[in-house]
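A.B. asks: Next up, upload_5.cif (mmCIF, C-alpha atoms).
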```cif
data_work
#
loop_
_atom_site.label_atom_id
_atom_site.label_comp_id
_atom_site.auth_asym_id
_atom_site.auth_seq_id
_atom_site.Cartn_x
_atom_site.Cartn_y
_atom_site.Cartn_z
CA MET A 1 -34.52 231.36 129.34
CA SER A 2 -33.47 234.72 128.02
CA VAL A 3 -29.83 235.53 127.45
CA GLU A 4 -28.79 238.73 125.70
CA GLY A 5 -32.32 239.05 124.38
CA VAL A 6 -32.34 235.62 122.75
CA ILE A 7 -34.65 232.95 124.12
CA LEU A 8 -33.28 229.47 123.65
CA PRO A 9 -35.96 226.84 123.02
CA SER A 10 -36.18 224.21 125.76
CA THR A 11 -35.36 221.64 123.09
CA THR A 12 -31.86 223.06 122.65
CA LEU A 13 -29.06 220.59 123.26
CA LEU A 14 -25.49 221.51 124.19
CA LEU A 15 -23.00 218.83 123.14
CA ILE A 16 -19.54 218.62 124.67
CA PRO A 17 -17.35 215.82 123.29
CA ALA A 18 -14.66 214.94 125.79
CA PHE A 19 -11.69 212.61 125.87
CA ASN A 20 -9.67 212.49 129.10
CA GLU A 21 -10.89 215.96 130.08
CA ALA A 22 -11.53 215.34 133.79
CA GLU A 23 -9.13 218.15 134.63
CA HIS A 24 -10.73 220.87 132.47
CA LEU A 25 -14.34 219.75 132.35
CA PRO A 26 -15.41 221.14 135.79
CA ALA A 27 -14.51 224.70 134.78
CA VAL A 28 -16.27 224.30 131.44
CA LEU A 29 -19.44 222.89 133.00
CA GLU A 30 -19.42 225.57 135.71
CA ALA A 31 -19.14 228.21 133.00
CA VAL A 32 -22.07 226.60 131.18
CA ALA A 33 -24.11 226.62 134.39
CA SER A 34 -23.21 230.26 135.01
CA ALA A 35 -24.35 231.17 131.51
CA ARG A 36 -27.86 229.96 132.48
CA LEU A 37 -28.65 228.70 128.99
CA GLY A 38 -31.53 226.53 130.15
CA CYS A 39 -30.73 223.69 127.76
CA GLU A 40 -29.81 220.06 128.22
CA VAL A 41 -26.06 219.58 128.50
CA VAL A 42 -24.71 216.32 127.11
CA VAL A 43 -21.11 215.24 127.56
CA ILE A 44 -19.98 212.50 125.20
CA ASP A 45 -17.18 210.66 126.91
CA ASP A 46 -15.15 209.24 124.05
CA GLY A 47 -13.72 206.24 125.87
CA SER A 48 -11.75 208.24 128.42
CA SER A 49 -9.44 206.42 130.81
CA ASP A 50 -9.79 209.12 133.47
CA ALA A 51 -12.82 210.30 135.47
CA THR A 52 -14.34 212.40 132.66
CA ALA A 53 -17.74 210.64 132.82
CA ALA A 54 -17.95 210.84 136.61
CA VAL A 55 -16.95 214.51 136.63
CA ALA A 56 -19.55 215.34 133.99
CA ALA A 57 -22.30 213.46 135.84
CA ARG A 58 -21.36 215.17 139.11
CA HIS A 59 -21.89 218.53 137.41
CA GLY A 60 -25.36 217.58 136.26
CA ALA A 61 -24.61 216.80 132.62
CA ARG A 62 -26.14 213.85 130.84
CA VAL A 63 -23.29 211.51 130.00
CA ILE A 64 -23.04 209.27 126.96
CA ARG A 65 -20.08 206.95 127.24
CA HIS A 66 -18.44 205.31 124.24
CA PRO A 67 -17.20 201.79 124.96
CA PHE A 68 -13.90 202.80 123.35
CA ASN A 69 -12.33 205.82 121.72
CA LEU A 70 -13.89 206.70 118.33
CA GLY A 71 -12.33 210.10 117.76
CA TYR A 72 -13.61 213.69 117.96
CA GLY A 73 -15.91 213.30 114.94
CA GLY A 74 -17.29 210.00 116.22
CA ALA A 75 -18.11 211.61 119.56
CA LEU A 76 -19.83 214.55 117.90
CA GLN A 77 -21.85 212.24 115.67
CA THR A 78 -23.05 210.27 118.70
CA GLY A 79 -24.34 213.56 120.06
CA TYR A 80 -26.09 214.33 116.76
CA LYS A 81 -27.74 210.91 116.80
CA TYR A 82 -28.80 211.50 120.39
CA GLY A 83 -30.40 214.76 119.29
CA LEU A 84 -32.11 213.08 116.35
CA HIS A 85 -33.48 210.24 118.50
CA GLY A 86 -34.94 212.83 120.85
CA VAL A 87 -36.78 216.05 120.26
CA ALA A 88 -33.83 218.42 119.95
CA SER A 89 -34.65 221.28 117.62
CA ILE A 90 -31.26 222.98 117.93
CA VAL A 91 -27.90 221.48 118.80
CA VAL A 92 -24.91 223.52 119.90
CA GLN A 93 -21.47 221.95 120.11
CA MET A 94 -18.49 223.23 122.05
CA ASP A 95 -15.14 221.82 123.09
CA ALA A 96 -14.31 220.50 126.53
CA ASP A 97 -10.96 222.22 126.89
CA GLY A 98 -12.34 225.63 127.79
CA GLN A 99 -11.56 227.53 124.59
CA HIS A 100 -15.24 228.28 123.87
CA ASP A 101 -17.27 230.74 125.89
CA PRO A 102 -20.79 229.42 126.64
CA THR A 103 -22.17 232.93 127.10
CA GLN A 104 -21.88 233.26 123.31
CA VAL A 105 -24.22 230.35 122.62
CA PRO A 106 -27.28 232.63 122.20
CA ALA A 107 -25.46 234.62 119.54
CA LEU A 108 -24.80 231.39 117.64
CA VAL A 109 -28.38 230.18 117.95
CA GLU A 110 -29.99 233.47 116.96
CA PRO A 111 -29.68 233.12 113.14
CA ILE A 112 -31.33 229.68 113.36
CA LEU A 113 -34.18 231.00 115.46
CA ARG A 114 -34.70 233.82 112.97
CA GLY A 115 -34.86 231.27 110.17
CA GLU A 116 -31.80 232.72 108.45
CA ALA A 117 -29.50 229.74 108.79
CA ASP A 118 -29.35 225.99 109.32
CA LEU A 119 -25.76 225.87 110.53
CA VAL A 120 -23.93 228.65 112.36
CA ILE A 121 -20.18 228.62 112.83
CA GLY A 122 -18.56 230.60 115.60
CA SER A 123 -15.65 232.35 113.91
CA ARG A 124 -12.53 233.58 115.64
CA PHE A 125 -11.69 235.73 112.66
CA LEU A 126 -14.81 237.82 112.19
CA GLY A 127 -14.54 241.09 114.01
CA PRO A 128 -11.85 242.01 116.53
CA SER A 129 -10.00 238.99 117.91
CA SER A 130 -6.85 238.37 119.87
CA TYR A 131 -6.76 234.69 118.95
CA GLN A 132 -3.24 233.61 118.04
CA MET A 133 -2.88 230.83 115.47
CA GLY A 134 0.43 229.24 114.47
CA ALA A 135 1.87 230.01 111.04
CA LEU A 136 1.27 226.53 109.60
CA LYS A 137 -2.29 226.34 110.87
CA SER A 138 -2.93 229.83 109.58
CA ILE A 139 -1.73 228.81 106.10
CA GLY A 140 -3.90 225.70 106.29
CA ARG A 141 -6.92 227.74 107.33
CA ARG A 142 -6.44 230.15 104.42
CA PHE A 143 -5.94 227.27 102.00
CA PHE A 144 -9.12 225.50 103.04
CA ARG A 145 -11.03 228.75 103.08
CA ALA A 146 -9.96 229.37 99.49
CA LEU A 147 -10.92 225.80 98.59
CA ALA A 148 -14.36 226.20 100.18
CA ARG A 149 -14.86 229.40 98.20
CA ARG A 150 -14.48 227.38 95.00
CA PHE A 151 -17.59 225.51 96.11
CA GLU A 152 -19.35 228.81 96.83
CA LEU A 153 -18.99 228.48 100.58
CA ASP A 154 -17.28 231.41 102.26
CA VAL A 155 -16.22 230.66 105.83
CA THR A 156 -13.42 232.45 107.68
CA ASP A 157 -13.00 229.76 110.33
CA PRO A 158 -13.58 226.33 108.78
CA THR A 159 -11.92 224.51 111.71
CA SER A 160 -14.08 226.05 114.43
CA GLY A 161 -15.65 223.49 116.74
CA PHE A 162 -18.08 226.04 118.18
CA GLN A 163 -21.22 225.61 116.10
CA ALA A 164 -25.00 225.58 116.30
CA MET A 165 -27.32 223.67 113.96
CA ASN A 166 -30.89 222.61 113.42
CA ARG A 167 -32.33 219.13 112.78
CA ALA A 168 -31.82 219.35 109.03
CA VAL A 169 -28.07 219.50 109.64
CA LEU A 170 -28.27 216.67 112.19
CA GLU A 171 -29.86 214.44 109.57
CA VAL A 172 -26.97 215.07 107.18
CA TYR A 173 -24.30 214.73 109.87
CA ALA A 174 -25.73 211.43 111.11
CA GLU A 175 -24.92 209.79 107.77
CA ASP A 176 -22.04 207.36 107.40
CA PHE A 177 -19.82 209.78 105.45
CA TYR A 178 -19.26 211.84 108.62
CA PRO A 179 -15.61 211.32 109.62
CA SER A 180 -14.64 209.85 112.98
CA ASP A 181 -11.47 211.89 113.26
CA TYR A 182 -11.44 215.49 112.02
CA PRO A 183 -14.74 216.89 110.78
CA ASP A 184 -13.87 220.32 109.41
CA VAL A 185 -14.36 221.97 106.04
CA ASP A 186 -15.38 218.67 104.42
CA VAL A 187 -18.53 218.35 106.51
CA LEU A 188 -19.32 222.05 106.13
CA LEU A 189 -19.18 221.54 102.38
CA ALA A 190 -21.38 218.47 102.70
CA ALA A 191 -24.00 220.56 104.54
CA HIS A 192 -23.65 223.32 101.95
CA ARG A 193 -24.06 220.86 99.08
CA HIS A 194 -27.20 219.49 100.71
CA GLY A 195 -28.64 222.96 100.28
CA LEU A 196 -28.32 223.91 103.95
CA ARG A 197 -27.56 227.53 104.78
CA VAL A 198 -24.21 227.99 106.50
CA VAL A 199 -23.40 231.32 108.14
CA GLU A 200 -20.80 232.60 110.59
CA ARG A 201 -21.01 234.72 113.70
CA PRO A 202 -18.04 236.30 115.47
CA VAL A 203 -17.03 234.66 118.76
CA ARG A 204 -14.20 235.06 121.23
CA MET A 205 -12.00 232.03 121.77
CA SER A 206 -9.04 231.35 123.97
CA ALA A 207 -6.25 229.02 122.88
CA GLY A 208 -7.66 226.24 125.06
CA ALA A 209 -6.55 224.94 128.42
CA ARG A 210 -4.07 222.54 126.91
CA ALA A 211 -2.05 222.18 123.75
CA SER A 212 -3.97 220.61 120.89
CA THR A 213 -3.22 216.93 120.39
CA LEU A 214 -5.17 216.82 117.15
CA HIS A 215 -2.43 217.98 114.87
CA GLY A 216 1.32 218.00 114.81
CA GLY A 217 4.16 216.40 112.88
CA LEU A 218 3.08 213.96 110.18
CA ARG A 219 -0.53 214.34 111.25
CA ASP A 220 -0.61 217.76 109.60
CA PHE A 221 0.20 216.18 106.26
CA PHE A 222 -2.28 213.39 106.82
CA TYR A 223 -4.91 215.97 107.78
CA VAL A 224 -4.45 217.92 104.54
CA TYR A 225 -4.39 214.76 102.42
CA LYS A 226 -7.43 213.27 104.12
CA MET A 227 -9.37 216.54 103.99
CA LEU A 228 -8.73 216.97 100.26
CA LEU A 229 -9.79 213.39 99.58
CA SER A 230 -12.86 213.78 101.75
CA ILE A 231 -13.88 217.00 99.97
CA TRP A 232 -13.45 215.31 96.61
CA ALA A 233 -15.44 212.24 97.71
CA THR A 234 -18.25 214.38 99.10
CA GLY A 235 -18.43 216.32 95.85
CA GLY A 236 -18.47 213.13 93.79
CA ARG A 237 -21.23 211.58 95.88
CA ARG A 238 -23.42 214.63 95.51
CA ALA A 239 -22.77 214.77 91.79
CA ARG A 240 -23.84 211.12 91.41
CA ARG A 241 -26.98 211.77 93.45
CA ARG A 242 -27.89 214.69 91.23
CA GLN A 243 -27.37 212.55 88.13
CA GLY A 244 -29.54 209.81 89.60
CA ALA A 245 -32.27 212.26 90.59
CA MET B 1 21.43 188.88 62.11
CA THR B 2 20.43 192.04 63.86
CA ASP B 3 20.47 192.53 67.64
CA GLU B 4 16.70 192.50 67.62
CA GLN B 5 16.57 189.15 65.89
CA ARG B 6 19.18 187.72 68.24
CA LEU B 7 17.14 188.88 71.27
CA ALA B 8 13.97 187.33 69.83
CA GLU B 9 15.83 184.08 69.27
CA LEU B 10 17.15 184.14 72.81
CA ARG B 11 13.65 184.77 74.15
CA ASP B 12 12.29 181.81 72.15
CA LEU B 13 15.07 179.71 73.62
CA PHE B 14 14.01 180.68 77.14
CA LEU B 15 10.37 179.92 76.43
CA SER B 16 11.05 176.60 74.79
CA ALA B 17 13.10 175.27 77.67
CA PRO B 18 11.93 171.77 78.61
CA GLU B 19 9.70 171.39 81.61
CA VAL B 20 11.39 170.40 84.81
CA GLY B 21 9.53 167.75 86.78
CA ALA B 22 10.48 169.34 90.09
CA THR B 23 8.75 172.60 89.11
CA ARG B 24 5.53 170.80 88.39
CA PHE B 25 5.81 168.82 91.63
CA VAL B 26 6.39 171.97 93.71
CA ALA B 27 3.42 173.71 92.07
CA VAL B 28 1.09 170.76 92.68
CA ALA B 29 2.32 170.43 96.27
CA LEU B 30 1.85 174.15 96.84
CA SER B 31 -1.71 174.16 95.54
CA ALA B 32 -2.59 171.07 97.57
CA ALA B 33 -1.06 172.61 100.68
CA LEU B 34 -3.03 175.81 100.14
CA VAL B 35 -6.31 173.89 99.84
CA LEU B 36 -5.51 171.88 102.98
CA VAL B 37 -4.55 174.99 104.99
CA VAL B 38 -7.75 176.78 103.93
CA LEU B 39 -9.87 173.74 104.90
CA TRP B 40 -8.02 173.43 108.21
CA LEU B 41 -8.64 177.12 109.03
CA VAL B 42 -12.34 176.81 108.15
CA ARG B 43 -12.68 173.65 110.25
CA GLY B 44 -11.03 175.43 113.19
CA ARG B 45 -13.43 178.38 112.70
CA ARG B 46 -10.53 180.75 112.16
CA LEU B 47 -11.56 181.50 108.57
CA ARG B 48 -15.15 182.06 107.54
CA ALA B 49 -16.37 180.10 104.53
CA GLU B 50 -17.33 183.23 102.61
CA TYR B 51 -13.69 184.32 102.52
CA THR B 52 -12.43 181.04 101.02
CA PRO B 53 -13.41 181.25 97.33
CA ILE B 54 -10.53 183.55 96.40
CA TRP B 55 -7.96 181.26 98.05
CA MET B 56 -9.48 178.15 96.51
CA ALA B 57 -9.38 179.89 93.12
CA VAL B 58 -5.67 180.64 93.62
CA ALA B 59 -4.97 177.04 94.64
CA PHE B 60 -6.81 175.59 91.64
CA GLY B 61 -5.20 178.20 89.39
CA ILE B 62 -1.73 177.08 90.45
CA PHE B 63 -2.80 173.47 90.04
CA GLY B 64 -4.15 174.12 86.54
CA LEU B 65 -1.00 175.92 85.47
CA SER B 66 1.21 173.12 86.82
CA LEU B 67 -0.74 170.59 84.73
CA ASN B 68 -0.48 172.63 81.57
CA LEU B 69 2.59 174.85 81.50
CA ASP B 70 1.82 175.79 77.89
CA VAL B 71 -0.86 178.16 79.20
CA LEU B 72 1.85 179.89 81.22
CA ARG B 73 4.04 180.16 78.11
CA VAL B 74 1.20 181.71 76.13
CA LEU B 75 0.63 184.18 78.95
CA THR B 76 4.34 184.96 79.10
CA ARG B 77 4.44 185.71 75.36
CA ALA B 78 1.31 187.84 75.62
CA LEU B 79 2.77 189.88 78.49
CA GLY B 80 6.10 190.31 76.73
CA ALA B 81 8.03 188.60 79.51
CA TRP B 82 11.05 186.41 78.92
CA THR B 83 10.55 183.65 81.42
CA THR B 84 7.55 181.87 82.86
CA SER B 85 8.85 182.54 86.37
CA SER B 86 8.68 186.29 85.67
CA THR B 87 5.04 185.88 84.64
CA LEU B 88 4.27 183.94 87.80
CA PHE B 89 5.99 186.61 89.89
CA PHE B 90 4.03 189.36 88.12
CA LEU B 91 0.70 187.57 88.55
CA GLY B 92 1.52 187.04 92.23
CA GLN B 93 2.14 190.76 92.69
CA VAL B 94 -1.11 191.67 90.94
CA PHE B 95 -2.95 189.18 93.14
CA LEU B 96 -1.44 190.70 96.31
CA LEU B 97 -2.43 194.21 95.24
CA VAL B 98 -5.99 193.13 94.50
CA ILE B 99 -6.35 191.20 97.75
CA CYS B 100 -4.94 194.14 99.78
CA LEU B 101 -7.41 196.52 98.17
CA ASN B 102 -10.22 194.04 98.73
CA TYR B 103 -9.44 193.80 102.43
CA ALA B 104 -9.03 197.58 102.77
CA VAL B 105 -12.57 197.96 101.40
CA ARG B 106 -13.90 195.29 103.76
CA LEU B 107 -12.03 196.90 106.67
CA SER B 108 -13.51 200.32 105.87
CA ARG B 109 -17.01 198.89 105.85
CA THR B 110 -16.38 197.01 109.09
CA GLY B 111 -14.96 200.18 110.66
CA VAL B 112 -18.15 202.11 109.91
CA GLN B 113 -20.24 199.24 111.29
CA ILE B 114 -18.18 199.10 114.50
CA LYS B 115 -18.45 202.88 114.93
CA ASN B 116 -22.23 202.78 114.45
CA LEU B 117 -22.53 199.91 116.92
CA ALA B 118 -20.40 201.70 119.52
CA GLN B 119 -22.57 204.79 119.17
CA GLU B 120 -25.74 202.73 119.49
CA VAL B 121 -24.35 201.05 122.62
CA ALA B 122 -23.50 204.44 124.11
CA LEU B 123 -26.94 205.87 123.29
CA LEU B 124 -28.78 202.83 124.66
CA ARG B 125 -26.70 202.92 127.83
CA ALA B 126 -27.54 206.62 128.26
CA ARG B 127 -31.22 205.81 127.80
CA LEU B 128 -30.96 203.07 130.41
CA ASP B 129 -29.23 205.45 132.80
CA ALA B 130 -32.01 207.96 132.21
CA LEU B 131 -34.61 205.37 133.12
CA GLY B 132 -32.82 204.89 136.40
CA ASP B 133 -32.34 201.18 135.92
CA PRO B 134 -29.54 199.81 138.07
CA PRO B 135 -26.95 197.92 136.07
CA ARG B 136 -27.81 194.24 135.86
CA PRO B 137 -25.29 191.49 135.50
CA GLY B 138 -25.49 190.11 131.99
CA ALA B 139 -27.55 193.02 130.71
CA GLY B 140 -24.80 193.98 128.30
CA PRO B 141 -21.19 195.04 128.09
CA ASP B 142 -19.91 197.28 130.84
CA VAL B 143 -19.58 200.53 128.98
#
```
What does the file become when written as structure tokens?
C.D. replies:
Amino acid sequence: MSVEGVILPSTTLLLIPAFNEAEHLPAVLEAVASARLGCEVVVIDDGSSDATAAVAARHGARVIRHPFNLGYGGALQTGYKYGLHGVASIVVQMDADGQHDPTQVPALVEPILRGEADLVIGSRFLGPSSYQMGALKSIGRRFFRALARRFELDVTDPTSGFQAMNRAVLEVYAEDFYPSDYPDVDVLLAAHRHGLRVVERPVRMSAGARASTLHGGLRDFFYVYKMLLSIWATGGRRARRRQGA
Amino acid sequence: MTDEQRLAELRDLFLSAPEVGATRFVAVALSAALVLVVLWLVRGRRLRAEYTPIWMAVAFGIFGLSLNLDVLRVLTRALGAWTTSSTLFFLGQVFLLVICLNYAVRLSRTGVQIKNLAQEVALLRARLDALGDPPRPGAGPDV
């Protein structure tokens, strides 16, 4: 299937982790269908208590249902493992709340097809963008961007959930270090430290169909603390591996 | 006599206080009760045998100390404490810290195992769905 001049391989997988998204999922899956990507669409229902799984199945998506809620990262990792068990050559992930535009998937996949990247991040902050981010989140994004730079990884949007990756990345992300809650700059750094090439491509994003429930209040502090610890642990593990090699 | 000497004398007085029979009795009773509770929990299958060594070690440790309080006095002097009860309290706190850390590590490992199992269940269920098999009673958990 050709979209904007890019032909997606038939072994491309589109992952959509979803938790209680029965309300927003139909619009997202209709947008995916309209984009005519020609890839398998997999919705990972992360233990939803609403009709998320039924809605996804009704729209033709393959549904993987967790027996209970594992978290956003846990749902993504299930999708990665699904891709690894099968023949997926490229995996694209997007959110179920409608903030990502599926017509931009080919632009994300292109650097992988050209052999220029292993992991492509859709960035809201490359090129012209009307995306509005709160002051605190903006500070956090800048802080983690600066931190990533210290590890020689320059990403403008380390919290973007709109990404494309090849099997080499899947193999890294299927390991036990991958967090069940918020996989952000820590896992990007893990991929980078495994020698995988991480690049960004500009994408348009809306603020999402509903307010984010991921952060807020004390969770912001926990997020920063946990992310710093995770980055440190990932760095330490790699250092030990290098010593042992 | 300087203040320092007076304090050292006072500390020696504390540490040379005669043993009280009730203290020894309580310690022996406590250690015996701990052993009995651990055995009762294992027998009722509420505590797995592999988790018992640490509690048995604590029980026998208390028992050993109650038989020979001089060991506790030596420990108290070594730690710079004034009373044997302070030493016991300190050792108890250290033990609680270590046991909490131990269980946090075990919990982390169990959490990863549960997550991996849940993902495997979800993937196997998806594979079953793909094969078009109707759900069979007893084939597995209803996920």
A.B. asks: Between atom CA of Val121 of chain B and atom CA of Glu50 of chain B, measure the distance and give it in Å to one decimal.
C.D. replies: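 That distance, rounded to one decimal, is 27.7 Å.
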A.B. asks: Please expand the PyMOL selection byres ((chain A) within 10 of (chain B)) into the concrete residues it hits in this file, giving the result as a list in words.
C.D. replies: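 When the PyMOL selection byres ((chain A) within 10 of (chain B)) is applied, the selected residues are Ile44, Asp45, Asp46, Gly47, Arg62, Val63, Ile64, Arg65, His66, Pro67, Phe68, Asn69, Leu70, Gly71, Gly74, Ala75, Gln77, Thr78, Gly79, Lys81, Tyr82, His85, Ala174, Asp176, Phe177, Tyr178, Pro179 and Ser180 of chain A.
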A.B. asks: Store the residues picked out above, limited to C-alpha atoms, as a short mmCIF file (atom, residue, chain, number, x, y, z; two decimals), keeping the file's coordinate frame.
C.D. replies:
```
data_model
loop_
_atom_site.label_atom_id
_atom_site.label_comp_id
_atom_site.auth_asym_id
_atom_site.auth_seq_id
_atom_site.Cartn_x
_atom_site.Cartn_y
_atom_site.Cartn_z
CA ILE A 44 -19.98 212.50 125.20
CA ASP A 45 -17.18 210.66 126.91
CA ASP A 46 -15.15 209.24 124.05
CA GLY A 47 -13.72 206.24 125.87
CA ARG A 62 -26.14 213.85 130.84
CA VAL A 63 -23.29 211.51 130.00
CA ILE A 64 -23.04 209.27 126.96
CA ARG A 65 -20.08 206.95 127.24
CA HIS A 66 -18.44 205.31 124.24
CA PRO A 67 -17.20 201.79 124.96
CA PHE A 68 -13.90 202.80 123.35
CA ASN A 69 -12.33 205.82 121.72
CA LEU A 70 -13.89 206.70 118.33
CA GLY A 71 -12.33 210.10 117.76
CA GLY A 74 -17.29 210.00 116.22
CA ALA A 75 -18.11 211.61 119.56
CA GLN A 77 -21.85 212.24 115.67
CA THR A 78 -23.05 210.27 118.70
CA GLY A 79 -24.34 213.56 120.06
CA LYS A 81 -27.74 210.91 116.80
CA TYR A 82 -28.80 211.50 120.39
CA HIS A 85 -33.48 210.24 118.50
CA ALA A 174 -25.73 211.43 111.11
CA ASP A 176 -22.04 207.36 107.40
CA PHE A 177 -19.82 209.78 105.45
CA TYR A 178 -19.26 211.84 108.62
CA PRO A 179 -15.61 211.32 109.62
CA SER A 180 -14.64 209.85 112.98
#
```
A.B. asks: Measure the distance from atom CA of Glu200 of chain A to atom CA of Cys39 of chain A in Å and round it to one decimal.
C.D. replies: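 So the two atoms, atom CA of Glu200 of chain A and atom CA of Cys39 of chain A, lie 21.7 Å apart.
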A.B. asks: Within 8 Å of Leu15 of chain B, counting all atoms listed in the file, which residues show up once you throw out same-chain ones fewer than 3 positions away? Write them as a count of residues only, please.
C.D. replies: 6
A.B. asks: Residues near Val28 of chain B, anyone? I mean within 8 Å using only C-alpha atoms, not counting same-chain ones fewer than 5 positions away, as JSON, numbers by chain.
C.D. replies: {"B": [62, 63, 66]}
A.B. asks: Which value, in Å to one decimal, gives the distance between atom CA of Leu96 of chain B and atom CA of Arg45 of chain B?
C.D. replies: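 Going from atom CA of Leu96 of chain B over to atom CA of Arg45 of chain B, I get 23.8 Å.
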A.B. asks: Choose the residue, out of A:Leu13, A:Ala57, A:Ala191, A:Val155, that has the smallest atom-to-atom separation from Leu25 of chain A; count all atoms listed in the file.
C.D. replies: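 Looking only at the distances to Leu25 of chain A, the closest residue turns out to be A:Ala57.
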A.B. asks: Please determine, counting all atoms listed in the file, which residue among A:Leu153, A:Ile139, A:Met165, A:Ala146 has the shortest atom-to-atom distance to Asp220 of chain A.
C.D. replies: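 That would be A:Ile139, the residue with the smallest distance to Asp220 of chain A.
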A.B. asks: On this structure, the PyMOL selection byres ((chain A and resi 15-21) around 9) would catch which residues? List them as an mmCIF file with C-alpha atoms, in the coordinates of the input, sorted by chain and number.
C.D. replies:
```cif
data_model
loop_
_atom_site.group_PDB
_atom_site.id
_atom_site.type_symbol
_atom_site.label_atom_id
_atom_site.label_comp_id
_atom_site.auth_asym_id
_atom_site.auth_seq_id
_atom_site.Cartn_x
_atom_site.Cartn_y
_atom_site.Cartn_z
ATOM 1 C CA LEU A 13 -29.060 220.590 123.260
ATOM 2 C CA LEU A 14 -25.490 221.510 124.190
ATOM 3 C CA ALA A 22 -11.530 215.340 133.790
ATOM 4 C CA GLU A 23 -9.130 218.150 134.630
ATOM 5 C CA HIS A 24 -10.730 220.870 132.470
ATOM 6 C CA LEU A 25 -14.340 219.750 132.350
ATOM 7 C CA PRO A 26 -15.410 221.140 135.790
ATOM 8 C CA GLU A 40 -29.810 220.060 128.220
ATOM 9 C CA VAL A 41 -26.060 219.580 128.500
ATOM 10 C CA VAL A 42 -24.710 216.320 127.110
ATOM 11 C CA VAL A 43 -21.110 215.240 127.560
ATOM 12 C CA ILE A 44 -19.980 212.500 125.200
ATOM 13 C CA ASP A 45 -17.180 210.660 126.910
ATOM 14 C CA ASP A 46 -15.150 209.240 124.050
ATOM 15 C CA GLY A 47 -13.720 206.240 125.870
ATOM 16 C CA SER A 48 -11.750 208.240 128.420
ATOM 17 C CA SER A 49 -9.440 206.420 130.810
ATOM 18 C CA ASP A 50 -9.790 209.120 133.470
ATOM 19 C CA ALA A 51 -12.820 210.300 135.470
ATOM 20 C CA THR A 52 -14.340 212.400 132.660
ATOM 21 C CA ALA A 53 -17.740 210.640 132.820
ATOM 22 C CA ASN A 69 -12.330 205.820 121.720
ATOM 23 C CA GLY A 71 -12.330 210.100 117.760
ATOM 24 C CA TYR A 72 -13.610 213.690 117.960
ATOM 25 C CA GLY A 73 -15.910 213.300 114.940
ATOM 26 C CA ALA A 75 -18.110 211.610 119.560
ATOM 27 C CA LEU A 76 -19.830 214.550 117.900
ATOM 28 C CA GLY A 79 -24.340 213.560 120.060
ATOM 29 C CA TYR A 80 -26.090 214.330 116.760
ATOM 30 C CA VAL A 91 -27.900 221.480 118.800
ATOM 31 C CA VAL A 92 -24.910 223.520 119.900
ATOM 32 C CA GLN A 93 -21.470 221.950 120.110
ATOM 33 C CA MET A 94 -18.490 223.230 122.050
ATOM 34 C CA ASP A 95 -15.140 221.820 123.090
ATOM 35 C CA ALA A 96 -14.310 220.500 126.530
ATOM 36 C CA ASP A 97 -10.960 222.220 126.890
#
```
